[in-house]
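Down below is the structure, laid out as structure tokens.
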Protein chains: 2
Amino acid sequence: MSLKINGQRLRSHLECLAKIGYREGAGITRLAYSREDVQAHEYVAVLMREAGLQVSYDPAWNLIGRWEPTLAQEDRHAWAASSGESVWPKKTSRPAIVMGSHLDTVPQGGPFDGALGVLGAVEVAQTIIENGWSLKRPLEVIAFANEEGSLAGGTFGSQAMAGSLAEEEMTLLQDEKSALARAYLNLGLDPKLVPSAKRDREFAAAYLELHIEQGDVLEGLGIPIGIVQGIVGIRRYEITVHGRAGHAGATPMAGRKDALVRAAQLVLDINEKARSFGPGTVATVGRIQASPGAFNVIPGLVNLYAEVRSLDLKTLEDFEAHLYRRVEGLGALAVVLRKDPVAMDRAVMGHVEAACEALRVRHQLIPSGAGHDAMNMAAVAPAGMIFVPSRAGLSHVPEEWTDWEHVTLGTQVLLESCLAVASHE
Amino acid sequence: MSLKINGQRLRSHLECLAKIGYREGAGITRLAYSREDVQAHEYVAVLMREAGLQVSYDPAWNLIGRWEPTLAQEDRHAWAASSGESVWPKKTSRPAIVMGSHLDTVPQGGPFDGALGVLGAVEVAQTIIENGWSLKRPLEVIAFANEEGSLAGGTFGSQAMAGSLAEEEMTLLQDEKSALARAYLNLGLDPKLVPSAKRDREFAAAYLELHIEQGDVLEGLGIPIGIVQGIVGIRRYEITVHGRAGHAGATPMAGRKDALVRAAQLVLDINEKARSFGPGTVATVGRIQASPGAFNVIPGLVNLYAEVRSLDLKTLEDFEAHLYRRVEGLGALAVVLRKDPVAMDRAVMGHVEAACEALRVRHQLIPSGAGHDAMNMAAVAPAGMIFVPSRAGLSHVPEEWTDWEHVTLGTQVLLESCLAVASHE
């Protein structure tokens with residue numbers, strides 16, 4: 001006998017959640033800690049209780065729904081009816097299977113980014129519980145606080161849980177006048193206690209996150225499931241290219257030092273260099289400005305924003321060395337971000353693969369080009385991610401969309417993966 | 001015996017003029033029709049009278065100083081002492097030798113652009129008159145109104161004189177509420193009469209304009225005098241390059257349609273194409289904007305400003321055809337300006353060349369990459385231009401500079417050219 005998730009119920013939950021913060025023509029706006037974000041968390045807490053999970057918030061305002069398979073059915077019902085005042089389960093009997101994602105959105109975002117991973121996990125837990133199955137391990141469903149980076153850097157809640165909050169964020173939390181600290185005070189939480197949300201390495205046997213791809217690789221291949229190999233590292237640069245401004249009519253071509261011509265060569269070089277590393281590495285020049293910026297003046301200065309992302313740290317380092325050599329004598333290069341790649345756990349990836357094969361679902365190894373809570377959780381648990389196709393690769397926009405069949409299929413794969421991890425030992 | 005212009009006097013006049021509209025650290029600002037521009041014209045009118053010229057303004061507010069060599073010395077003195085209420089000399093006995101340029105500046109401009117051509121011409125006239133020389137032809141020195149294009153297109157006064165005012169400008173002049181019409185009303189002139197400043201073809205035997213180069217060709221060659229072959233034609237384009245925006249992390253290189261990469265190829269192509277035509281043709285992309293313009297989004301749209309200039313009309317047409325082919329399928333191209341090249345008169349160029357050789361001054365044929373009043377005057381008179389070096393090719397900035405020895409030498413060449421034209425028939 002096999003378990004099937006309830007696709008209709010999941011769809012209905014996602015549609016209800018998508019109404020919170022929705023405005024006609026402007027998508028969904030649920031900035032972290034906002035009134036809409038709090039409403040979304042309260043709504044999901046209700047769904048968690050209905051599913052049979054014990055609900056609590058940790059000190060970082062991560063919403064946690066927990067199920068202990070050894071407890072009697074009646075006790076679980078008692079919890080479901082309770083108001084969620086239970087103590088946050090810092091220490092657990094046995095390492096849990098943890099699933100999660102986030103409920104906050106960017107301004108004018110879409111209905112699936114984050115929401116799918118949380119409500120899919122609730123659906124998986126509910127399917128297991130309502131069918132009377134028992135597991136060797138507890139389940140935890142987490143809606144991480146502030147993934148999109150309102151008032152602080154992104155993936156804030158999972159950073160707190162992994163104990164990897166940055167210096168700047170620690171400082172904001174200590175300062176009661178900061179917007180971040182005030183957001184926690186408004187929620188009835190002590191901002192100074194946020195770092196105590198840190199979990200020990202033994203709390204989880206695995207962390208699994210279901211997410212939309214946010215790219216168009218799966219759609220292009222016609223494959224419904226991506227098994228994430230890792231989350232790419234990012235390096236961002238502000239590049240200044242110098243030239244010599246001059247009258248666009250009175251300066252012959254031969255004597256020119258046109259900063260935009262030099263910058264155009266650099267744009268093409270960055271593109272070609274990224275291609276030379278093969279799949280898994282991308283580089284983008286997203287912004288360019290030529291000064292003074294008139295028809296009749298040769299650009300004397302060009303500013304560029306460039307970034308490179310790769311699963312491979314060595315590639316990032318080689319790219320950066322190349323960029324330094326390339327920019328030398330042309331202008332200046334400033335590093336504005338350095339984030340190392342995070343690999344997903346091979347054993348967890350294997351369980352997801354086994355789940356896909358058991359379900360006879362086509363799947364594809366894929367890097368994640370965007371950051372996710374999984375990249376922090378990988379520091380405290382063997383982590384894995386499951387991607388479903390994004391229509392036209394769109395995300396962070398009102399048009400963000402994933403077909404309902406892929407929503408259902410991805411959640412079924414999450415369930416099977418969860419069972420595969422649970423049955424493994 | 002030969003005539004020598006007075007370099008000290010000319011320098012002193014240029015230095016005095018440079019004080020009108022000057023602000024410490026911000027160069028000289030004498031926008032056309034402004035208080036400062038009117039002051040500059042009044043100052044030059046005084047210099048013209050001192051030189052022995054009869055002074056008047058035409059209906060377009062072009063300031064004209066005229067000398068009739070057949071008149072007795074006493075009459076000229078009587079004019080110099082007059083208040084300038086003389087009638088604008090629309091019809092003349094014999095075609096005159098006309099010299100001129102303009103007194104207005106761009107915002108925060110320099111001391112030589114335009115000013116040199118007017119005060120150099122006054123100095124030439126004064127040298128001829130005070131030495132008691134007679135010529136076969138009258139002399140006219142003109143300070144053209146509004147060359148830099150305040151409240152209307154550039155070279156406004158010379159367009160009026162050539163009868164080539166554009167439709168839009170004619171409309172502005174008819175509309176008493178337009179800023180341009182009000183500027184003329186404030187000067188005590190009827191804006192509707194501006195077009196009557198048009199001169200007949202017989203009014204001038206030659207038009208000669210001394211000007212700074214505004215490029216660095218002469219400086220680079222170490223040659224003090226440029227004999228202008230013609231004023232380049234200009235075509236300006238707004239180009240839109242389309243691509244597909246996408247997540248800079250989640251979109252593999254292989255599937256990208258990066259509008260900035262396409263635009264960079266176009267920038268290089270425009271540069272190479274211009275070089276392929278050889279000297280006399282230049283092309284510039286002066287402005288570029290990639291949208292949406294963030295680190296983490298592949299540009300979906302790029303806007304460019306591009307222009308090409310050439311002495312050769314066929315080159316401009318070939319370049320435009322190339323550009324249309326190149327942009328086809330990539331985006332769209334809109335023509336925002338089409339101005340045909342204007343050749344200088346070969347006979348007048350020959351007189352300037354003869355003058356340089358008589359003075360044993362090194363000289364060089366050179367295109368003018370910028371527009372000048374000479375390009376309009378060429379429609380009503382055989383026209384020629386003399387360039388002197390611009391330090392580092394700079395103009396339209398406070399740092400605009402030409403060495404005094406070049407100022408003196410250029411004015412001496414203007415005098416000799418003027419005498420060569422006068423003695424020719």
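In the structure tokens, each chain is lettered A, B, ... as it comes, each chain's residues begin at 1, and ligands are numbered from 1 in order of appearance.
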I need the chain B residues near chain A as an MDAnalysis selection string; criterion: at most 6 Å, counting only C-alpha atoms.
chainID B and resid 215 249:251 253 264 282 286:287 290 293:295 297:299 305 369:370
Spatial neighbours of Val407 of chain A, 9 Å, only C-alpha atoms, chain gap at least 5 places, as an mmCIF file with N, CA and C atoms, in the first residue's frame:
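Below is the file that was written, result_27.cif:
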```
data_model
loop_
_atom_site.group_PDB
_atom_site.id
_atom_site.type_symbol
_atom_site.label_atom_id
_atom_site.label_comp_id
_atom_site.auth_asym_id
_atom_site.auth_seq_id
_atom_site.Cartn_x
_atom_site.Cartn_y
_atom_site.Cartn_z
ATOM 1 N N GLY A 7 -3.972 16.367 -3.385
ATOM 2 C CA GLY A 7 -3.652 17.513 -4.240
ATOM 3 C C GLY A 7 -4.703 18.602 -4.176
ATOM 4 N N LEU A 10 -4.242 20.547 -0.887
ATOM 5 C CA LEU A 10 -3.039 21.377 -0.964
ATOM 6 C C LEU A 10 -3.291 22.621 -1.818
ATOM 7 N N ARG A 11 -3.966 22.404 -2.948
ATOM 8 C CA ARG A 11 -4.279 23.537 -3.828
ATOM 9 C C ARG A 11 -5.140 24.563 -3.106
ATOM 10 N N LEU A 116 4.990 27.053 -1.274
ATOM 11 C CA LEU A 116 4.877 25.648 -1.685
ATOM 12 C C LEU A 116 5.636 24.725 -0.734
ATOM 13 N N GLY A 120 3.393 22.299 1.234
ATOM 14 C CA GLY A 120 3.679 20.935 0.773
ATOM 15 C C GLY A 120 4.114 20.060 1.944
ATOM 16 N N ILE A 212 9.933 26.020 -5.930
ATOM 17 C CA ILE A 212 9.878 26.250 -7.378
ATOM 18 C C ILE A 212 11.288 26.555 -7.880
ATOM 19 N N VAL A 388 10.410 22.055 -8.605
ATOM 20 C CA VAL A 388 9.372 21.846 -9.624
ATOM 21 C C VAL A 388 9.438 23.015 -10.610
ATOM 22 N N PRO A 389 8.957 22.812 -11.837
ATOM 23 C CA PRO A 389 9.151 23.829 -12.890
ATOM 24 C C PRO A 389 8.440 25.157 -12.595
ATOM 25 N N THR A 402 3.386 27.820 -11.186
ATOM 26 C CA THR A 402 3.742 26.410 -11.342
ATOM 27 C C THR A 402 2.433 25.652 -11.536
ATOM 28 N N GLN A 412 4.235 14.917 -3.731
ATOM 29 C CA GLN A 412 4.270 13.444 -3.630
ATOM 30 C C GLN A 412 5.724 12.961 -3.528
#
```
Residue neighbourhood Ala26 of chain B, 9 Å, only C-alpha atoms, exclusion window fewer than 4 positions, as a list in words:
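That gives Tyr22, Pro107, Gln108, Gly109, Val397 and Pro398 of chain B.
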Within 7 Å of Val380 of chain B, counting only C-alpha atoms, which residues qualify if same-chain residues fewer than 3 places away don't, as number ranges by chain?
B: 162, 200-201, 377
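DSSP secondary structure from the backbone places B:Ala204, B:Ala205, B:Ala206, B:Tyr207, B:Leu208, B:Glu209, B:Leu210, B:His211, B:Ile212, B:Ile225, B:Gly226 of segment 192-226 of chain B in strand (DSSP E or B).
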Write a file of the selected residues as a PDB file, in the first residue's frame, keeping N, CA and C atoms.
```pdb
ATOM      1  N   ALA B 204      27.480  88.481 -49.867  1.00  0.00           N
ATOM      2  CA  ALA B 204      28.855  88.217 -49.451  1.00  0.00           C
ATOM      3  C   ALA B 204      29.690  87.592 -50.556  1.00  0.00           C
ATOM      4  N   ALA B 205      30.927  88.043 -50.648  1.00  0.00           N
ATOM      5  CA  ALA B 205      31.892  87.417 -51.552  1.00  0.00           C
ATOM      6  C   ALA B 205      32.478  86.169 -50.902  1.00  0.00           C
ATOM      7  N   ALA B 206      32.545  86.207 -49.582  1.00  0.00           N
ATOM      8  CA  ALA B 206      33.071  85.059 -48.837  1.00  0.00           C
ATOM      9  C   ALA B 206      32.646  85.172 -47.374  1.00  0.00           C
ATOM     10  N   TYR B 207      32.521  84.028 -46.719  1.00  0.00           N
ATOM     11  CA  TYR B 207      32.323  84.006 -45.265  1.00  0.00           C
ATOM     12  C   TYR B 207      33.486  83.254 -44.651  1.00  0.00           C
ATOM     13  N   LEU B 208      34.144  83.866 -43.671  1.00  0.00           N
ATOM     14  CA  LEU B 208      35.298  83.247 -43.017  1.00  0.00           C
ATOM     15  C   LEU B 208      35.065  83.161 -41.516  1.00  0.00           C
ATOM     16  N   GLU B 209      35.265  81.981 -40.933  1.00  0.00           N
ATOM     17  CA  GLU B 209      35.068  81.827 -39.487  1.00  0.00           C
ATOM     18  C   GLU B 209      36.307  81.191 -38.869  1.00  0.00           C
ATOM     19  N   LEU B 210      36.830  81.910 -37.875  1.00  0.00           N
ATOM     20  CA  LEU B 210      37.964  81.391 -37.091  1.00  0.00           C
ATOM     21  C   LEU B 210      37.364  80.730 -35.847  1.00  0.00           C
ATOM     22  N   HIS B 211      37.817  79.518 -35.505  1.00  0.00           N
ATOM     23  CA  HIS B 211      37.211  78.798 -34.381  1.00  0.00           C
ATOM     24  C   HIS B 211      38.239  77.866 -33.759  1.00  0.00           C
ATOM     25  N   ILE B 212      38.022  77.563 -32.501  1.00  0.00           N
ATOM     26  CA  ILE B 212      38.871  76.518 -31.887  1.00  0.00           C
ATOM     27  C   ILE B 212      38.426  75.162 -32.439  1.00  0.00           C
ATOM     28  N   ILE B 225      47.491  75.393 -37.496  1.00  0.00           N
ATOM     29  CA  ILE B 225      46.336  75.864 -38.278  1.00  0.00           C
ATOM     30  C   ILE B 225      45.661  74.706 -39.008  1.00  0.00           C
ATOM     31  N   GLY B 226      44.327  74.592 -38.811  1.00  0.00           N
ATOM     32  CA  GLY B 226      43.551  73.625 -39.567  1.00  0.00           C
ATOM     33  C   GLY B 226      42.715  74.352 -40.605  1.00  0.00           C
TER      34      GLY B 226
END
```
Residues at most 12 Å from Pro382 of chain B, counting only C-alpha atoms, excluding those fewer than 2 positions away in the same chain, as a tab-separated table (two decimals) with all heavy atoms, in the first residue's frame?
```tsv
chain	number	residue	atom	x	y	z
B	95	PRO	N	29.24	92.84	-52.89
B	95	PRO	CA	29.32	91.73	-51.94
B	95	PRO	C	30.47	91.94	-50.95
B	95	PRO	O	31.58	92.31	-51.35
B	95	PRO	CB	29.56	90.52	-52.84
B	95	PRO	CG	28.95	90.90	-54.16
B	95	PRO	CD	29.20	92.37	-54.29
B	96	ALA	N	30.20	91.74	-49.70
B	96	ALA	CA	31.17	92.00	-48.63
B	96	ALA	C	32.00	90.76	-48.32
B	96	ALA	O	31.66	89.64	-48.70
B	96	ALA	CB	30.43	92.44	-47.37
B	97	ILE	N	33.10	91.00	-47.60
B	97	ILE	CA	33.82	89.88	-46.98
B	97	ILE	C	33.28	89.81	-45.56
B	97	ILE	O	33.37	90.78	-44.80
B	97	ILE	CB	35.33	90.12	-46.97
B	97	ILE	CG1	35.83	90.22	-48.43
B	97	ILE	CG2	36.04	89.00	-46.23
B	97	ILE	CD1	37.25	90.70	-48.54
B	98	VAL	N	32.66	88.67	-45.23
B	98	VAL	CA	31.98	88.53	-43.95
B	98	VAL	C	32.79	87.60	-43.06
B	98	VAL	O	33.24	86.55	-43.50
B	98	VAL	CB	30.55	87.97	-44.16
B	98	VAL	CG1	29.82	87.83	-42.83
B	98	VAL	CG2	29.77	88.87	-45.12
B	99	MET	N	32.98	88.01	-41.82
B	99	MET	CA	33.66	87.16	-40.83
B	99	MET	C	32.78	87.11	-39.59
B	99	MET	O	32.11	88.10	-39.26
B	99	MET	CB	35.01	87.78	-40.43
B	99	MET	CG	36.01	87.90	-41.57
B	99	MET	SD	37.50	88.78	-41.03
B	99	MET	CE	36.89	90.46	-41.02
B	201	ARG	N	21.90	85.96	-51.83
B	201	ARG	CA	23.15	85.28	-52.14
B	201	ARG	C	24.27	86.27	-52.48
B	201	ARG	O	25.44	86.00	-52.25
B	201	ARG	CB	22.94	84.30	-53.31
B	201	ARG	CG	23.24	82.86	-52.89
B	201	ARG	CD	23.88	82.03	-53.97
B	201	ARG	NE	24.46	80.80	-53.42
B	201	ARG	CZ	25.67	80.70	-52.90
B	201	ARG	NH1	26.47	81.72	-52.84
B	201	ARG	NH2	26.11	79.54	-52.44
B	202	GLU	N	23.89	87.46	-52.98
B	202	GLU	CA	24.94	88.41	-53.41
B	202	GLU	C	25.52	89.24	-52.26
B	202	GLU	O	26.40	90.06	-52.49
B	202	GLU	CB	24.41	89.42	-54.45
B	202	GLU	CG	23.52	88.86	-55.51
B	202	GLU	CD	22.08	88.81	-55.01
B	202	GLU	OE1	21.43	89.86	-54.96
B	202	GLU	OE2	21.62	87.71	-54.65
B	203	PHE	N	25.01	89.03	-51.04
B	203	PHE	CA	25.47	89.94	-49.99
B	203	PHE	C	26.95	89.74	-49.66
B	203	PHE	O	27.63	90.65	-49.23
B	203	PHE	CB	24.58	89.84	-48.75
B	203	PHE	CG	25.11	89.00	-47.62
B	203	PHE	CD1	25.78	89.60	-46.55
B	203	PHE	CD2	24.95	87.62	-47.62
B	203	PHE	CE1	26.25	88.82	-45.51
B	203	PHE	CE2	25.41	86.86	-46.58
B	203	PHE	CZ	26.08	87.44	-45.52
B	204	ALA	N	27.48	88.48	-49.87
B	204	ALA	CA	28.86	88.22	-49.45
B	204	ALA	C	29.69	87.59	-50.56
B	204	ALA	O	29.24	86.70	-51.27
B	204	ALA	CB	28.86	87.30	-48.23
B	205	ALA	N	30.93	88.04	-50.65
B	205	ALA	CA	31.89	87.42	-51.55
B	205	ALA	C	32.48	86.17	-50.90
B	205	ALA	O	32.87	85.22	-51.58
B	205	ALA	CB	33.00	88.40	-51.87
B	206	ALA	N	32.54	86.21	-49.58
B	206	ALA	CA	33.07	85.06	-48.84
B	206	ALA	C	32.65	85.17	-47.37
B	206	ALA	O	32.43	86.28	-46.86
B	206	ALA	CB	34.59	85.00	-48.93
B	207	TYR	N	32.52	84.03	-46.72
B	207	TYR	CA	32.32	84.01	-45.27
B	207	TYR	C	33.49	83.25	-44.65
B	207	TYR	O	33.80	82.13	-45.07
B	207	TYR	CB	31.00	83.31	-44.89
B	207	TYR	CG	30.87	83.12	-43.40
B	207	TYR	CD1	30.55	84.20	-42.57
B	207	TYR	CD2	31.10	81.88	-42.81
B	207	TYR	CE1	30.46	84.04	-41.20
B	207	TYR	CE2	31.02	81.71	-41.44
B	207	TYR	CZ	30.70	82.79	-40.63
B	207	TYR	OH	30.63	82.65	-39.28
B	208	LEU	N	34.14	83.87	-43.67
B	208	LEU	CA	35.30	83.25	-43.02
B	208	LEU	C	35.06	83.16	-41.52
B	208	LEU	O	34.70	84.16	-40.88
B	208	LEU	CB	36.56	84.09	-43.27
B	208	LEU	CG	37.21	83.95	-44.65
B	208	LEU	CD1	38.16	85.12	-44.88
B	208	LEU	CD2	37.95	82.61	-44.74
B	209	GLU	N	35.27	81.98	-40.93
B	209	GLU	CA	35.07	81.83	-39.49
B	209	GLU	C	36.31	81.19	-38.87
B	209	GLU	O	36.74	80.11	-39.27
B	209	GLU	CB	33.81	80.97	-39.21
B	209	GLU	CG	33.50	80.84	-37.72
B	209	GLU	CD	32.10	80.26	-37.43
B	209	GLU	OE1	31.31	80.09	-38.38
B	209	GLU	OE2	31.82	79.99	-36.24
B	230	GLY	N	35.12	70.73	-44.45
B	230	GLY	CA	33.67	70.74	-44.42
B	230	GLY	C	33.20	70.42	-43.02
B	230	GLY	O	34.01	70.09	-42.14
B	342	VAL	N	28.22	69.53	-44.91
B	342	VAL	CA	28.33	70.78	-45.66
B	342	VAL	C	29.79	70.98	-46.03
B	342	VAL	O	30.65	71.06	-45.15
B	342	VAL	CB	27.85	71.98	-44.81
B	342	VAL	CG1	28.04	73.28	-45.58
B	342	VAL	CG2	26.39	71.81	-44.40
B	343	ALA	N	30.07	71.05	-47.33
B	343	ALA	CA	31.45	71.25	-47.78
B	343	ALA	C	31.81	72.72	-47.70
B	343	ALA	O	30.96	73.60	-47.92
B	343	ALA	CB	31.60	70.75	-49.20
B	344	MET	N	33.05	73.03	-47.37
B	344	MET	CA	33.52	74.41	-47.44
B	344	MET	C	33.91	74.70	-48.90
B	344	MET	O	34.16	73.80	-49.68
B	344	MET	CB	34.72	74.61	-46.50
B	344	MET	CG	34.38	74.46	-45.01
B	344	MET	SD	33.28	75.77	-44.34
B	344	MET	CE	31.66	75.02	-44.41
B	345	ASP	N	33.92	76.00	-49.21
B	345	ASP	CA	34.17	76.41	-50.60
B	345	ASP	C	35.65	76.22	-50.96
B	345	ASP	O	36.54	76.66	-50.24
B	345	ASP	CB	33.77	77.89	-50.74
B	345	ASP	CG	33.93	78.39	-52.15
B	345	ASP	OD1	33.03	78.10	-52.96
B	345	ASP	OD2	34.96	79.04	-52.43
B	346	ARG	N	35.89	75.55	-52.11
B	346	ARG	CA	37.28	75.22	-52.48
B	346	ARG	C	38.12	76.47	-52.73
B	346	ARG	O	39.29	76.52	-52.36
B	346	ARG	CB	37.30	74.33	-53.71
B	346	ARG	CG	36.81	72.95	-53.37
B	346	ARG	CD	37.08	71.94	-54.47
B	346	ARG	NE	36.72	70.64	-53.96
B	346	ARG	CZ	37.58	69.82	-53.35
B	346	ARG	NH1	38.83	70.16	-53.16
B	346	ARG	NH2	37.16	68.65	-52.90
B	347	ALA	N	37.51	77.49	-53.33
B	347	ALA	CA	38.26	78.71	-53.61
B	347	ALA	C	38.66	79.39	-52.29
B	347	ALA	O	39.81	79.82	-52.12
B	347	ALA	CB	37.43	79.66	-54.47
B	348	VAL	N	37.72	79.45	-51.35
B	348	VAL	CA	38.02	80.07	-50.05
B	348	VAL	C	39.09	79.27	-49.32
B	348	VAL	O	40.03	79.83	-48.75
B	348	VAL	CB	36.74	80.23	-49.20
B	348	VAL	CG1	37.08	80.75	-47.81
B	348	VAL	CG2	35.74	81.16	-49.89
B	349	MET	N	38.96	77.92	-49.36
B	349	MET	CA	40.00	77.07	-48.76
B	349	MET	C	41.37	77.38	-49.40
B	349	MET	O	42.39	77.43	-48.70
B	349	MET	CB	39.66	75.59	-48.97
B	349	MET	CG	38.57	75.07	-48.04
B	349	MET	SD	37.95	73.43	-48.57
B	349	MET	CE	39.41	72.42	-48.31
B	350	GLY	N	41.37	77.61	-50.70
B	350	GLY	CA	42.62	77.94	-51.40
B	350	GLY	C	43.21	79.25	-50.91
B	350	GLY	O	44.43	79.37	-50.74
B	351	HIS	N	42.34	80.24	-50.65
B	351	HIS	CA	42.84	81.52	-50.12
B	351	HIS	C	43.44	81.35	-48.73
B	351	HIS	O	44.47	81.95	-48.42
B	351	HIS	CB	41.70	82.56	-50.06
B	351	HIS	CG	41.23	83.01	-51.42
B	351	HIS	ND1	42.09	83.42	-52.41
B	351	HIS	CD2	39.98	83.10	-51.95
B	351	HIS	CE1	41.40	83.75	-53.50
B	351	HIS	NE2	40.12	83.57	-53.25
B	374	ALA	N	29.10	78.57	-39.86
B	374	ALA	CA	29.59	78.46	-41.24
B	374	ALA	C	28.77	77.49	-42.07
B	374	ALA	O	28.63	77.64	-43.28
B	374	ALA	CB	31.06	78.04	-41.24
B	375	MET	N	28.19	76.44	-41.40
B	375	MET	CA	27.45	75.46	-42.20
B	375	MET	C	26.16	76.05	-42.75
B	375	MET	O	25.70	75.66	-43.82
B	375	MET	CB	27.19	74.18	-41.40
B	375	MET	CG	26.12	74.28	-40.35
B	375	MET	SD	26.24	72.85	-39.23
B	375	MET	CE	24.99	73.33	-38.03
B	376	ASN	N	25.59	77.04	-42.06
B	376	ASN	CA	24.42	77.72	-42.61
B	376	ASN	C	24.84	78.79	-43.62
B	376	ASN	O	24.23	78.93	-44.68
B	376	ASN	CB	23.61	78.38	-41.49
B	376	ASN	CG	23.14	77.36	-40.46
B	376	ASN	OD1	22.71	76.27	-40.85
B	376	ASN	ND2	23.24	77.69	-39.20
B	377	MET	N	25.91	79.52	-43.28
B	377	MET	CA	26.38	80.59	-44.16
B	377	MET	C	26.82	80.06	-45.51
B	377	MET	O	26.75	80.75	-46.53
B	377	MET	CB	27.50	81.38	-43.47
B	377	MET	CG	27.05	82.11	-42.21
B	377	MET	SD	25.58	83.15	-42.48
B	377	MET	CE	26.33	84.52	-43.37
B	378	ALA	N	27.24	78.77	-45.54
B	378	ALA	CA	27.67	78.16	-46.80
B	378	ALA	C	26.55	78.15	-47.84
B	378	ALA	O	26.81	78.05	-49.03
B	378	ALA	CB	28.18	76.74	-46.54
B	379	ALA	N	25.29	78.26	-47.37
B	379	ALA	CA	24.17	78.26	-48.30
B	379	ALA	C	24.00	79.62	-49.01
B	379	ALA	O	23.36	79.69	-50.06
B	379	ALA	CB	22.88	77.90	-47.56
B	380	VAL	N	24.55	80.67	-48.40
B	380	VAL	CA	24.38	82.00	-49.00
B	380	VAL	C	25.70	82.68	-49.37
B	380	VAL	O	25.71	83.79	-49.92
B	380	VAL	CB	23.56	82.96	-48.08
B	380	VAL	CG1	22.10	82.57	-48.10
B	380	VAL	CG2	24.11	82.98	-46.66
B	384	GLY	N	34.44	79.42	-45.58
B	384	GLY	CA	35.64	78.73	-45.15
B	384	GLY	C	35.82	78.88	-43.67
B	384	GLY	O	35.31	79.83	-43.06
B	385	MET	N	36.55	77.93	-43.06
B	385	MET	CA	36.81	78.01	-41.61
B	385	MET	C	38.27	77.74	-41.33
B	385	MET	O	38.92	76.93	-41.99
B	385	MET	CB	35.98	76.97	-40.84
B	385	MET	CG	34.51	77.30	-40.72
B	385	MET	SD	33.69	76.21	-39.49
B	385	MET	CE	34.15	77.04	-37.95
B	421	VAL	N	41.19	87.09	-50.23
B	421	VAL	CA	39.86	87.09	-50.87
B	421	VAL	C	39.62	88.46	-51.52
B	421	VAL	O	39.18	88.54	-52.67
B	421	VAL	CB	38.75	86.78	-49.86
B	421	VAL	CG1	37.37	87.01	-50.48
B	421	VAL	CG2	38.87	85.35	-49.34
```
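Atom to atom, atom CA of Glu148 of chain A and atom CA of Glu36 of chain A stand 14.3 Å apart.
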